[in-house]
Amino acid sequence: MAMTELSTPKTTSSFLNSSSRLSLSSKLHLSNQFRHLLLLPPLHTTSNSKISCSVSQNNQAPVAVQDNGSVKTKKECYGVFCLTYDLKAEEETKSWKKMINIAVSGAAGMISNHLLFKLASGSVFGPDQPIALKLLGSERSIQALEGVAMELEDSLFPLLREVDIGTDPYEVFQDVEWALLIGAKPRGPGMERAALLDINGQIFAEQGKALNAVASPNVKVLVVGNPCNTNALICLKNAPNIPAKNFHALTRLDENRAKCQLALKAGVFYDKVSNMTIWGNHSTTQVPDFLNARINGQPVKEVITDHKWLEEGFTESVQKRGGLLIQKWGRSSAASTAVSIVDAIKSLVTPTPEGDWFSTGVYTNGNPYGIAEDLVFSMPCRSTGDGDYELVKDVEFDDYLRNRIAKSEAELLAEKKCVAHLTGDGIAFCDLGPVDTMLPGEV
């Protein structure tokens with residue numbers, strides 16, 4: 001999975017206004033005449049007062065003024081975001097849902113470069129769901145974030161109502177209902193995994209505190225930055241006012257890769273593979289579960305009779321997929337990671353098909369599988385489409401599966417000890433052993 005630039009908390013950039021962020025109000029979007037040509041509904045506004053932007057000749061920040069000429073607010077705006085509107089009450093959109101606020105960290109990175117346009121297009125939350133994007137970056141990425149905002153503008157997404165960019169999570173996370181935490185420091189040459197846990201753990205501890213302070217009380221949090229399981233645990237431990245059940249670690253790319261490998265081996269299209277679970281950590285100790293998976297509704301072990309491949313080659317092919325992609329492509333898996341984030345969100349906002357389930361890393365307290373509590377562990381889940389989920393109870397275990405799960409559980413327990421100083425569990429003690437379990441392609 002690709003890594004993106006880390007976000008430095010509580011910093012400002014010289015070109016930003018006093019609020020340390022750039023606000024692009026897409027309440028000022030396309031003209032109504034142009035929208036009628038596109039067969040789009042007019043945008044909803046909360047006021048019929050006319051707002052206009054005047055841009056000075058010396059490239060200073062535009063000033064938004066009311067009709068009477070008095071200054072209302074000062075902000076940075078671009079192109080269509082600065083157009084003038086005066087919609088009549090009967091023209092206001094009544095068919096769209098209430099706008100939702102979505103925060104994305106590491107928003108200038110390659111994963112976000114694919115993800116943001118999927119979010120803005122309506123392909124994730126639906127064609128009638130307006131959104132506001134809150135993009136978090138670092139000081140050195142702030143100009144890149146401005147470029148991202150300009151590209152979003154040029155794409156003319158009717159559902160994209162607002163774009164804010166900034167470097168302070170306490171401002172960017174204000175009132176967000178979804179937080180997609182992608183930004184993290186990538187592991188460099190010679191860096192020990194324990195050091196990576198500590199460095200990124202501090203980032204996610206700070207972001208957890210910010211979410212706890214200013215986000216929506218029921219915000220859904222998806223952690224992508226690695227090591228994502230333990231980063232998600234750190235984040236939730238620093239956000240005690242947010243339900244622990246709302247925190248997820250992304251293991252959907254592993255699930256998608258596992259489905260692909262089973263489909264290739266069985267000679268079927270991948271939509272014939274269901275009930276695929278990734279157990280445990282997003283590392284080489286992860287457990288792609290072929291015991292409970294199905295192909296065309298039949299148990300995988302009945303369709304694929306090469307059980308040695310299932311126990312050895314299958315798991316290895318899933319683990320090494322990212323490294324193989326780098327060899328072929330010369331870069332890590334940004335696009336497929338973005339697709340897996342979309343899949344993970346859609347699994348929570350659309351009902352799970354009858355009899356199927358999906359994988360996500362969630363808090364283990366109260367789990368029915370006997371897995372140690374107080375971890376973030378990938379497990380099989382179902383959803384009714386309301387953003388919540390339940391753990392699947394009707395799963396089968398054998399000795400092979402239990403032994404593999406136990407290894408991943410032990411690794412996450414060891415990682416938890418490494419970050420005890422960030423979770424409020426005392427003094428950290430790190431003993432991860434001699435084996436490097438980072439997935440290929442993430443170093």
# chains A, B, ... in the order shown; residues from 1 in each chain; ligands from 1
call {"tool": "residues_around", "arguments": {"residues": "region 386-398 of chain A", "least_positions_apart": "3", "cutoff": "7 Å", "atoms": "only C-alpha atoms", "output": "number ranges by chain"}}
result
A: 292, 348-349, 368, 380-383, 401-402
call {"tool": "residues_around", "arguments": {"residues": "region 118-124 of chain A", "least_positions_apart": "3", "cutoff": "9 Å", "atoms": "only C-alpha atoms", "output": "PDB file with N, CA, C and O atoms, in the first residue's frame"}}
result
ATOM      1  N   HIS A 114      -6.054  10.019  -6.301  1.00  0.00           N
ATOM      2  CA  HIS A 114      -7.066   9.157  -6.916  1.00  0.00           C
ATOM      3  C   HIS A 114      -8.379   9.209  -6.143  1.00  0.00           C
ATOM      4  O   HIS A 114      -9.458   9.206  -6.737  1.00  0.00           O
ATOM      5  N   LEU A 115      -8.290   9.266  -4.817  1.00  0.00           N
ATOM      6  CA  LEU A 115      -9.474   9.142  -3.973  1.00  0.00           C
ATOM      7  C   LEU A 115     -10.392  10.358  -4.027  1.00  0.00           C
ATOM      8  O   LEU A 115     -11.621  10.213  -4.098  1.00  0.00           O
ATOM      9  N   PRO A 127     -25.316   9.756  -5.703  1.00  0.00           N
ATOM     10  CA  PRO A 127     -25.467  10.856  -6.656  1.00  0.00           C
ATOM     11  C   PRO A 127     -26.296  12.023  -6.131  1.00  0.00           C
ATOM     12  O   PRO A 127     -26.420  13.036  -6.817  1.00  0.00           O
ATOM     13  N   ASP A 128     -26.877  11.883  -4.938  1.00  0.00           N
ATOM     14  CA  ASP A 128     -27.666  12.976  -4.374  1.00  0.00           C
ATOM     15  C   ASP A 128     -27.086  13.452  -3.037  1.00  0.00           C
ATOM     16  O   ASP A 128     -27.779  14.096  -2.248  1.00  0.00           O
ATOM     17  N   GLN A 129     -25.793  13.133  -2.799  1.00  0.00           N
ATOM     18  CA  GLN A 129     -25.181  13.472  -1.515  1.00  0.00           C
ATOM     19  C   GLN A 129     -24.089  14.523  -1.689  1.00  0.00           C
ATOM     20  O   GLN A 129     -22.960  14.204  -2.091  1.00  0.00           O
ATOM     21  N   PRO A 130     -24.392  15.803  -1.410  1.00  0.00           N
ATOM     22  CA  PRO A 130     -23.347  16.829  -1.486  1.00  0.00           C
ATOM     23  C   PRO A 130     -22.326  16.646  -0.375  1.00  0.00           C
ATOM     24  O   PRO A 130     -22.650  16.175   0.721  1.00  0.00           O
ATOM     25  N   ILE A 131     -21.078  17.004  -0.654  1.00  0.00           N
ATOM     26  CA  ILE A 131     -20.010  16.825   0.317  1.00  0.00           C
ATOM     27  C   ILE A 131     -19.156  18.082   0.413  1.00  0.00           C
ATOM     28  O   ILE A 131     -19.115  18.907  -0.498  1.00  0.00           O
ATOM     29  N   ALA A 132     -18.488  18.217   1.542  1.00  0.00           N
ATOM     30  CA  ALA A 132     -17.433  19.212   1.728  1.00  0.00           C
ATOM     31  C   ALA A 132     -16.152  18.455   2.032  1.00  0.00           C
ATOM     32  O   ALA A 132     -16.144  17.551   2.874  1.00  0.00           O
ATOM     33  N   LEU A 133     -15.078  18.768   1.332  1.00  0.00           N
ATOM     34  CA  LEU A 133     -13.784  18.124   1.539  1.00  0.00           C
ATOM     35  C   LEU A 133     -12.895  19.022   2.386  1.00  0.00           C
ATOM     36  O   LEU A 133     -12.693  20.193   2.072  1.00  0.00           O
ATOM     37  N   LEU A 152      -9.782  20.016  -8.514  1.00  0.00           N
ATOM     38  CA  LEU A 152     -11.160  19.704  -8.139  1.00  0.00           C
ATOM     39  C   LEU A 152     -12.111  20.739  -8.716  1.00  0.00           C
ATOM     40  O   LEU A 152     -13.201  20.399  -9.200  1.00  0.00           O
ATOM     41  N   PHE A 157     -17.465  19.307 -10.375  1.00  0.00           N
ATOM     42  CA  PHE A 157     -18.310  18.344  -9.673  1.00  0.00           C
ATOM     43  C   PHE A 157     -19.489  19.070  -9.012  1.00  0.00           C
ATOM     44  O   PHE A 157     -19.288  19.887  -8.120  1.00  0.00           O
ATOM     45  N   PRO A 158     -20.714  18.790  -9.407  1.00  0.00           N
ATOM     46  CA  PRO A 158     -21.852  19.504  -8.813  1.00  0.00           C
ATOM     47  C   PRO A 158     -22.078  19.182  -7.346  1.00  0.00           C
ATOM     48  O   PRO A 158     -22.661  19.984  -6.624  1.00  0.00           O
ATOM     49  N   LEU A 159     -21.643  18.017  -6.895  1.00  0.00           N
ATOM     50  CA  LEU A 159     -21.856  17.627  -5.504  1.00  0.00           C
ATOM     51  C   LEU A 159     -20.800  18.174  -4.554  1.00  0.00           C
ATOM     52  O   LEU A 159     -20.978  18.121  -3.336  1.00  0.00           O
ATOM     53  N   LEU A 160     -19.706  18.670  -5.086  1.00  0.00           N
ATOM     54  CA  LEU A 160     -18.631  19.196  -4.244  1.00  0.00           C
ATOM     55  C   LEU A 160     -18.949  20.636  -3.883  1.00  0.00           C
ATOM     56  O   LEU A 160     -18.794  21.540  -4.693  1.00  0.00           O
ATOM     57  N   ALA A 338      -6.689   3.513  -3.243  1.00  0.00           N
ATOM     58  CA  ALA A 338      -7.819   4.442  -3.261  1.00  0.00           C
ATOM     59  C   ALA A 338      -9.129   3.696  -3.524  1.00  0.00           C
ATOM     60  O   ALA A 338     -10.153   3.973  -2.886  1.00  0.00           O
ATOM     61  N   VAL A 339      -9.104   2.755  -4.452  1.00  0.00           N
ATOM     62  CA  VAL A 339     -10.301   1.957  -4.741  1.00  0.00           C
ATOM     63  C   VAL A 339     -10.720   1.161  -3.506  1.00  0.00           C
ATOM     64  O   VAL A 339     -11.919   1.059  -3.191  1.00  0.00           O
ATOM     65  N   VAL A 342     -12.532   3.361  -1.102  1.00  0.00           N
ATOM     66  CA  VAL A 342     -13.909   3.521  -1.574  1.00  0.00           C
ATOM     67  C   VAL A 342     -14.737   2.287  -1.216  1.00  0.00           C
ATOM     68  O   VAL A 342     -15.865   2.395  -0.705  1.00  0.00           O
ATOM     69  N   ASP A 343     -14.187   1.098  -1.478  1.00  0.00           N
ATOM     70  CA  ASP A 343     -14.897  -0.140  -1.161  1.00  0.00           C
ATOM     71  C   ASP A 343     -15.201  -0.230   0.334  1.00  0.00           C
ATOM     72  O   ASP A 343     -16.292  -0.661   0.731  1.00  0.00           O
ATOM     73  N   ILE A 345     -15.562   2.215   2.526  1.00  0.00           N
ATOM     74  CA  ILE A 345     -16.618   3.159   2.902  1.00  0.00           C
ATOM     75  C   ILE A 345     -17.973   2.655   2.424  1.00  0.00           C
ATOM     76  O   ILE A 345     -18.960   2.651   3.180  1.00  0.00           O
ATOM     77  N   LYS A 346     -18.037   2.220   1.169  1.00  0.00           N
ATOM     78  CA  LYS A 346     -19.313   1.766   0.608  1.00  0.00           C
ATOM     79  C   LYS A 346     -19.848   0.545   1.356  1.00  0.00           C
ATOM     80  O   LYS A 346     -21.065   0.354   1.455  1.00  0.00           O
ATOM     81  N   VAL A 349     -21.824   2.091   4.159  1.00  0.00           N
ATOM     82  CA  VAL A 349     -22.973   2.967   3.850  1.00  0.00           C
ATOM     83  C   VAL A 349     -23.984   2.293   2.923  1.00  0.00           C
ATOM     84  O   VAL A 349     -24.987   2.910   2.557  1.00  0.00           O
TER      85      VAL A 349
END
call {"tool": "select_by_dssp", "arguments": {"residues": "region 145-242 of chain A", "states": "helix (DSSP H, G or I)", "output": "PyMOL selection string"}}
result
chain A and resi 145-154+169-172+193-214+228-237
call {"tool": "closest_residue", "arguments": {"among": "A:Tyr369, A:Phe290, A:Phe358, A:Phe173", "to": "Leu136 (chain A)", "atoms": "only C-alpha atoms"}}
result
A:Phe173
call {"tool": "select_by_dssp", "arguments": {"residues": "region 137-299 of chain A", "states": "strand (DSSP E)", "output": "VMD selection string"}}
result
chain A and resid 160 to 166 178 to 181 220 to 223 247 to 249 273 to 274 277 to 279 287 to 289 294 to 295 298 to 299
call {"tool": "write_last_selection", "arguments": {"atoms": "N, CA, C and O atoms", "output": "CSV table (one decimal), in the first residue's frame"}}
result
chain,number,residue,atom,x,y,z
A,160,LEU,N,-19.7,18.7,-5.1
A,160,LEU,CA,-18.6,19.2,-4.2
A,160,LEU,C,-18.9,20.6,-3.9
A,160,LEU,O,-18.8,21.5,-4.7
A,161,ARG,N,-19.4,20.9,-2.6
A,161,ARG,CA,-19.9,22.2,-2.2
A,161,ARG,C,-18.8,23.0,-1.6
A,161,ARG,O,-18.8,24.3,-1.6
A,162,GLU,N,-17.8,22.4,-0.9
A,162,GLU,CA,-16.8,23.2,-0.2
A,162,GLU,C,-15.5,22.4,-0.3
A,162,GLU,O,-15.5,21.2,-0.2
A,163,VAL,N,-14.4,23.1,-0.3
A,163,VAL,CA,-13.0,22.6,-0.2
A,163,VAL,C,-12.2,23.5,0.7
A,163,VAL,O,-12.1,24.6,0.4
A,164,ASP,N,-11.8,22.9,1.9
A,164,ASP,CA,-10.9,23.7,2.8
A,164,ASP,C,-9.6,22.9,2.8
A,164,ASP,O,-9.5,21.7,2.8
A,165,ILE,N,-8.5,23.7,2.9
A,165,ILE,CA,-7.2,23.1,3.1
A,165,ILE,C,-6.5,23.7,4.2
A,165,ILE,O,-6.7,24.9,4.5
A,166,GLY,N,-5.7,23.0,4.9
A,166,GLY,CA,-5.0,23.5,6.1
A,166,GLY,C,-3.9,22.5,6.6
A,166,GLY,O,-3.8,21.4,6.2
A,178,TRP,N,-16.7,12.1,8.5
A,178,TRP,CA,-15.8,11.0,8.1
A,178,TRP,C,-14.4,11.6,8.1
A,178,TRP,O,-14.1,12.7,7.6
A,179,ALA,N,-13.5,10.8,8.7
A,179,ALA,CA,-12.0,11.2,8.7
A,179,ALA,C,-11.2,10.0,8.0
A,179,ALA,O,-11.2,8.9,8.6
A,180,LEU,N,-10.6,10.3,6.9
A,180,LEU,CA,-9.8,9.3,6.2
A,180,LEU,C,-8.4,9.7,6.4
A,180,LEU,O,-7.9,10.6,5.7
A,181,LEU,N,-7.7,9.0,7.3
A,181,LEU,CA,-6.4,9.3,7.7
A,181,LEU,C,-5.3,8.6,6.9
A,181,LEU,O,-4.9,7.5,7.3
A,220,LYS,N,-16.9,8.7,11.7
A,220,LYS,CA,-16.3,7.5,11.3
A,220,LYS,C,-14.8,7.7,10.9
A,220,LYS,O,-14.6,8.6,10.1
A,221,VAL,N,-13.9,6.9,11.4
A,221,VAL,CA,-12.5,7.2,11.2
A,221,VAL,C,-11.9,5.9,10.5
A,221,VAL,O,-12.0,4.8,11.0
A,222,LEU,N,-11.3,6.1,9.3
A,222,LEU,CA,-10.6,5.1,8.6
A,222,LEU,C,-9.1,5.4,8.5
A,222,LEU,O,-8.7,6.4,7.9
A,223,VAL,N,-8.3,4.6,9.2
A,223,VAL,CA,-6.8,4.8,9.2
A,223,VAL,C,-6.2,4.0,8.1
A,223,VAL,O,-6.3,2.7,8.0
A,247,PHE,N,-13.8,3.4,14.8
A,247,PHE,CA,-12.4,3.4,14.2
A,247,PHE,C,-12.1,2.2,13.4
A,247,PHE,O,-12.4,1.0,13.9
A,248,HIS,N,-11.6,2.4,12.2
A,248,HIS,CA,-11.3,1.2,11.3
A,248,HIS,C,-9.8,1.4,10.8
A,248,HIS,O,-9.3,2.5,10.6
A,249,ALA,N,-9.2,0.2,10.6
A,249,ALA,CA,-7.9,0.1,9.9
A,249,ALA,C,-8.1,-0.5,8.6
A,249,ALA,O,-8.8,-1.6,8.5
A,273,VAL,N,-16.2,-14.6,-6.2
A,273,VAL,CA,-15.6,-14.9,-4.9
A,273,VAL,C,-16.3,-14.0,-3.8
A,273,VAL,O,-16.4,-12.8,-3.9
A,274,SER,N,-16.7,-14.7,-2.7
A,274,SER,CA,-17.4,-14.0,-1.6
A,274,SER,C,-16.9,-14.5,-0.3
A,274,SER,O,-16.1,-15.4,-0.2
A,277,THR,N,-12.3,-13.1,4.2
A,277,THR,CA,-11.9,-12.4,5.4
A,277,THR,C,-10.4,-12.3,5.4
A,277,THR,O,-9.7,-13.3,5.1
A,278,ILE,N,-9.9,-11.1,5.8
A,278,ILE,CA,-8.5,-11.0,6.2
A,278,ILE,C,-8.5,-10.8,7.7
A,278,ILE,O,-9.1,-9.9,8.3
A,279,TRP,N,-7.9,-11.8,8.4
A,279,TRP,CA,-7.8,-11.7,9.8
A,279,TRP,C,-6.5,-11.0,10.3
A,279,TRP,O,-5.4,-11.2,9.6
A,287,VAL,N,-3.9,-13.0,7.8
A,287,VAL,CA,-4.4,-14.3,7.5
A,287,VAL,C,-5.5,-14.2,6.4
A,287,VAL,O,-6.7,-14.0,6.8
A,288,PRO,N,-5.2,-14.4,5.2
A,288,PRO,CA,-6.3,-14.5,4.2
A,288,PRO,C,-7.1,-15.9,4.4
A,288,PRO,O,-6.5,-16.9,4.3
A,289,ASP,N,-8.3,-15.8,4.7
A,289,ASP,CA,-9.1,-17.0,5.2
A,289,ASP,C,-9.8,-17.7,4.0
A,289,ASP,O,-10.8,-17.2,3.5
A,294,ARG,N,-15.9,-18.4,-0.3
A,294,ARG,CA,-16.7,-19.2,-1.2
A,294,ARG,C,-16.5,-18.7,-2.7
A,294,ARG,O,-16.2,-17.5,-2.9
A,295,ILE,N,-16.6,-19.6,-3.6
A,295,ILE,CA,-16.5,-19.3,-5.0
A,295,ILE,C,-17.8,-19.9,-5.6
A,295,ILE,O,-18.1,-21.1,-5.5
A,298,GLN,N,-19.8,-22.0,-3.3
A,298,GLN,CA,-19.3,-23.2,-2.8
A,298,GLN,C,-18.0,-22.9,-2.0
A,298,GLN,O,-17.3,-22.0,-2.3
A,299,PRO,N,-17.7,-23.7,-0.9
A,299,PRO,CA,-16.5,-23.5,-0.2
A,299,PRO,C,-15.3,-23.6,-1.1
A,299,PRO,O,-15.2,-24.4,-2.0
call {"tool": "residues_around", "arguments": {"residues": "Ala263 (chain A)", "least_positions_apart": "4", "cutoff": "8 Å", "atoms": "only C-alpha atoms", "output": "PyMOL selection string"}}
result
chain A and resi 259+267-270+272-273+295
call {"tool": "closest_residue", "arguments": {"among": "A:Gly190, A:Pro240, A:Gly280, A:Gly225", "to": "Ala213 (chain A)", "atoms": "only C-alpha atoms"}}
result
A:Pro240
call {"tool": "decode", "arguments": {"residues": "region 125-136 of chain A", "atoms": "all heavy atoms", "output": "compact mmCIF listing (two decimals), in the first residue's frame"}}
result
# COMPACT_ATOMS: atom_id res chain seq x y z
N PHE A 125 -20.65 8.15 -1.88
CA PHE A 125 -21.79 8.39 -0.99
C PHE A 125 -23.11 8.55 -1.72
O PHE A 125 -24.15 8.69 -1.09
CB PHE A 125 -21.52 9.63 -0.14
CG PHE A 125 -20.43 9.44 0.88
CD1 PHE A 125 -19.13 9.85 0.63
CD2 PHE A 125 -20.71 8.83 2.09
CE1 PHE A 125 -18.13 9.66 1.57
CE2 PHE A 125 -19.73 8.64 3.04
CZ PHE A 125 -18.43 9.05 2.77
N GLY A 126 -23.09 8.55 -3.05
CA GLY A 126 -24.32 8.58 -3.81
C GLY A 126 -24.49 9.83 -4.64
O GLY A 126 -23.92 10.88 -4.35
N PRO A 127 -25.32 9.76 -5.70
CA PRO A 127 -25.47 10.86 -6.66
C PRO A 127 -26.30 12.02 -6.13
O PRO A 127 -26.42 13.04 -6.82
CB PRO A 127 -26.17 10.19 -7.84
CG PRO A 127 -26.94 9.06 -7.23
CD PRO A 127 -26.08 8.56 -6.10
N ASP A 128 -26.88 11.88 -4.94
CA ASP A 128 -27.67 12.98 -4.37
C ASP A 128 -27.09 13.45 -3.04
O ASP A 128 -27.78 14.10 -2.25
CB ASP A 128 -29.12 12.55 -4.17
CG ASP A 128 -29.25 11.35 -3.24
OD1 ASP A 128 -28.22 10.71 -2.93
OD2 ASP A 128 -30.38 11.04 -2.83
N GLN A 129 -25.79 13.13 -2.80
CA GLN A 129 -25.18 13.47 -1.52
C GLN A 129 -24.09 14.52 -1.69
O GLN A 129 -22.96 14.20 -2.09
CB GLN A 129 -24.57 12.22 -0.87
CG GLN A 129 -23.87 12.47 0.46
CD GLN A 129 -24.79 13.04 1.50
OE1 GLN A 129 -25.67 12.35 2.02
NE2 GLN A 129 -24.61 14.32 1.83
N PRO A 130 -24.39 15.80 -1.41
CA PRO A 130 -23.35 16.83 -1.49
C PRO A 130 -22.33 16.65 -0.37
O PRO A 130 -22.65 16.18 0.72
CB PRO A 130 -24.12 18.14 -1.32
CG PRO A 130 -25.36 17.76 -0.59
CD PRO A 130 -25.70 16.36 -1.03
N ILE A 131 -21.08 17.00 -0.65
CA ILE A 131 -20.01 16.82 0.32
C ILE A 131 -19.16 18.08 0.41
O ILE A 131 -19.12 18.91 -0.50
CB ILE A 131 -19.11 15.62 -0.04
CG1 ILE A 131 -18.31 15.90 -1.32
CG2 ILE A 131 -19.91 14.34 -0.14
CD1 ILE A 131 -17.21 14.88 -1.58
N ALA A 132 -18.49 18.22 1.54
CA ALA A 132 -17.43 19.21 1.73
C ALA A 132 -16.15 18.45 2.03
O ALA A 132 -16.14 17.55 2.87
CB ALA A 132 -17.78 20.15 2.88
N LEU A 133 -15.08 18.77 1.33
CA LEU A 133 -13.78 18.12 1.54
C LEU A 133 -12.89 19.02 2.39
O LEU A 133 -12.69 20.19 2.07
CB LEU A 133 -13.11 17.83 0.20
CG LEU A 133 -13.73 16.72 -0.65
CD1 LEU A 133 -13.01 16.61 -1.99
CD2 LEU A 133 -13.68 15.38 0.09
N LYS A 134 -12.36 18.46 3.46
CA LYS A 134 -11.45 19.15 4.36
C LYS A 134 -10.09 18.47 4.24
O LYS A 134 -9.93 17.33 4.69
CB LYS A 134 -11.95 19.08 5.80
CG LYS A 134 -13.45 19.34 5.97
CD LYS A 134 -13.81 20.78 5.67
CE LYS A 134 -15.28 21.04 5.97
NZ LYS A 134 -15.66 22.44 5.72
N LEU A 135 -9.13 19.13 3.62
CA LEU A 135 -7.88 18.49 3.24
C LEU A 135 -6.75 18.92 4.16
O LEU A 135 -6.44 20.11 4.28
CB LEU A 135 -7.54 18.85 1.79
CG LEU A 135 -8.67 18.61 0.77
CD1 LEU A 135 -8.18 18.94 -0.64
CD2 LEU A 135 -9.20 17.19 0.85
N LEU A 136 -6.12 17.95 4.80
CA LEU A 136 -5.04 18.20 5.76
C LEU A 136 -3.70 17.83 5.14
O LEU A 136 -3.52 16.73 4.61
CB LEU A 136 -5.25 17.37 7.03
CG LEU A 136 -4.20 17.52 8.13
CD1 LEU A 136 -4.21 18.93 8.70
CD2 LEU A 136 -4.43 16.49 9.24
